[in-house]
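The structure appears right after this line, and notes come after that.
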Amino acid sequence: MSTAEQAETAAAQLKIVKDATCTFCGCVCDDMELTVENDRITKAKNACVLGKAWFFNHHIEQRPQATIEGRAVSYDEAIAAAADILLEASYPITYGLSDTTCEAQRVAVAITDWIGGTVDTTTSVCHGPSGMAFQGVGEVTCSLGEIKNRADFVIFWGGNPAESHPRHFTKYSLMPKGEFIPNGRKDRTAVLIDVRRTKSAKAADIFLQIKPRSDFELAWALRGLTKGVDIDPDIEHKTGISLETLTDMMDRMKRAKFGAILFGMGLTMTRGKHINSEAVLALARDMNQHTRWVAKPMRGHGNVTGADNVVSWSTGYPFGVSLTRGYPRFNPGEFTTSDVLARGEADAALIVASDPMSNFSQPAREHLKNIKSIVLDPKLSETAKVATVAFTTSTYGINTAGTVYRMDDVPIPLRPAFDSPYKSDYEILKAIEHRIRERQLSAAVS
Amino acid sequence: MNQTSENYILIPGRTSRQGTSLNQGKDSTAYREEINTLLMNPQDMQKLGLADGDRVRMWNDVGNVVVPCKSGKQELPLGMLFISYGDISSRLMGGETHGSGMPDSKGLDVSLEKHADSDD
């Protein structure tokens, strides 16, 4: 090969993808600059540590594109087996969906509708309680751009953005200069409320180390203070935070021009759950009697917000939706996947872009590994290892285009970096849907 | 109840290292190490005669795990434990969601004692 030809070949194998979208966490940063060499991302400019790990570790793995009971099979055989499992099940569930495109999520909901199953997403073990709270209280909301441009008082409650959303501070909530925040960090007061003194505490001006299981009481006491109610100083015994500190904080909150409460799993996963989220949402709502306040959940995965949107506009409810009677029913605790598995009710599962075998409760995991499941994942996850039918998929945002929603419900397009030999979630789900409909329609005719 | 066990509150949660290493794969050494390491308050460790790397047994009515411990330095108050969420924390999570869909995933009541083989 001549030098010119060698240079041309080298240049053809190196590509820069500008404005790519990172989907590791709910920040969904869309200012990535990816360097791609021989189908590997070697540089990810602007990505945080989590984003870099995401981009650098999703190269193409050599695995069968489909397996049945661990045995490599043709794609068509796997699609047929998947459709059979779902059609023959008495209580099929569709779960996951937070790490795939909206386009694929829609098909997953459609499949569940055709077979009369229950559709649920990772929301149910993340901000599902907040979703329930939205229905009870409502969400005073805004975009992350508004927080960047307007928020002069930010409360991080029950979350650790320094480790879970590394660019949130720098891109939106703490450091950046905004239209009405000309001096950036200096114009902002940051409060962290948590049971642990995490890495995020260093970033805050005020750290309130709350006692475990007292977030509801703290939020309710603050609500009382917004309304001029006398709060019993015994609040300190329950929460670990003195009435004096709370009163001082409320004075500062009332003097803010635009305040934001950004809350996480410390509220949704602990005693109270949806009641904690309700308390914080109600607090933000009540603060609007004095000045502008919002409360927003910090979403963990790249497209869990998309899943909420897609399931909501498809069924009327955000997660934990039963379509078993041919119309949507919503009842957390009855139709949510943790419960349906832990109680041994589901007899088949379609699991897309999530890994419940790694993170679900023990009784749920025990049951899941004993029922038939169809799993779609780019990696050989713990869930894929126990699958009856497993598909290796391309990775959204790296190989596959589509739409995702940032944590503030802003839809953002994906700009993939290189192609994958594996099919996308969307393609596989469409094929399963097609096969299901073929069988249902031919059964109807005969 | 075992005379030497103590009651603690366990907080499973995300860490940077857990988030980066899970991309390498959940079989990776880094991920396994991270989700298996229990952070403790240094005074609690001293009370139980524990040093970094000593193994502890942690249990509740759902499960029973043995993991190495490490000082959480200034991070944790007395009586609180932290672990990166994953297989170990899942083994201690029960199925009850109190009608919310969400199992008790943080603030779990656990008992803890120095594991017998830590003295070897």
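Quick note on naming: the chains in the structure tokens go A, B, ... in the order shown, residues restart at 1 in each chain, and ligands are numbered from 1 in order of appearance.
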
Sel. of strand (DSSP E or B) residues, region 290-411 of chain A, as a PyMOL selection string: chain A and resi 292-297+321-322+329-330+348-352+372-377+389-392+396+400+403-405+411

Expected answer as a VMD selection string: chain B residues within 9 Å of chain A, only C-alpha atoms: chain B and resid 9 13 to 17 19 to 26 62 to 63 74 to 77 80 82 85 to 87 89 to 108

Residue neighbourhood Ala390 (chain A), 10 Å, only C-alpha atoms, exclusion window fewer than 5 positions, as a PyMOL selection string: chain A and resi 64-73+78-79+82+350-351+373-377+380+383-385

Point-to-point distance from CA of Pro297 (chain A) to CA of Arg32 (chain B), Å rounded to tenths: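 Those two atoms sit 28.9 Å apart.
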
Selection: 8 Å around Ala221 (chain A), only C-alpha atoms, excl. self and same-chain fewer than 3 positions, as a ChimeraX atom specification: /A:217-218,224-225,231,235

DSSP helix (DSSP H, G or I) selection over region 17-101 of chain B, as JSON, numbers by chain: {"B": [17, 18, 19, 20, 21, 22, 23, 24, 29, 30, 31, 32, 33, 34, 35, 36, 42, 43, 44, 45, 46, 47, 87, 88, 89, 90]}

Nearest candidate to Asn303 (chain A) (options A:Cys29, A:Met287, A:Leu222, A:Ile193; using only C-alpha atoms):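 That would be A:Cys29, the residue with the smallest distance to Asn303 (chain A).
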
Nearby residues (only C-alpha atoms) at most 8 Å from region 37-49 of chain B, same-chain spacing under 3 positions excluded, as a ChimeraX atom specification: /B:33-34,67-84,113-114

Atom pair CA of Val191 (chain A) / CA of Ile261 (chain A): separation (Å):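 Going from CA of Val191 (chain A) over to CA of Ile261 (chain A), I get 9.3 Å.
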
Residues within 10 Å of Lys15 (chain A), only C-alpha atoms, excluding chain neighbours under 2 positions, as a list in words: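 Surrounding residues, per the criterion: Ala10, Ala11, Ala12, Gln13, Val17, Lys18, Leu34, Thr35, Val36, Glu37, Asn38, Asp39, Ile41, Ala417 and Phe418 of chain A.
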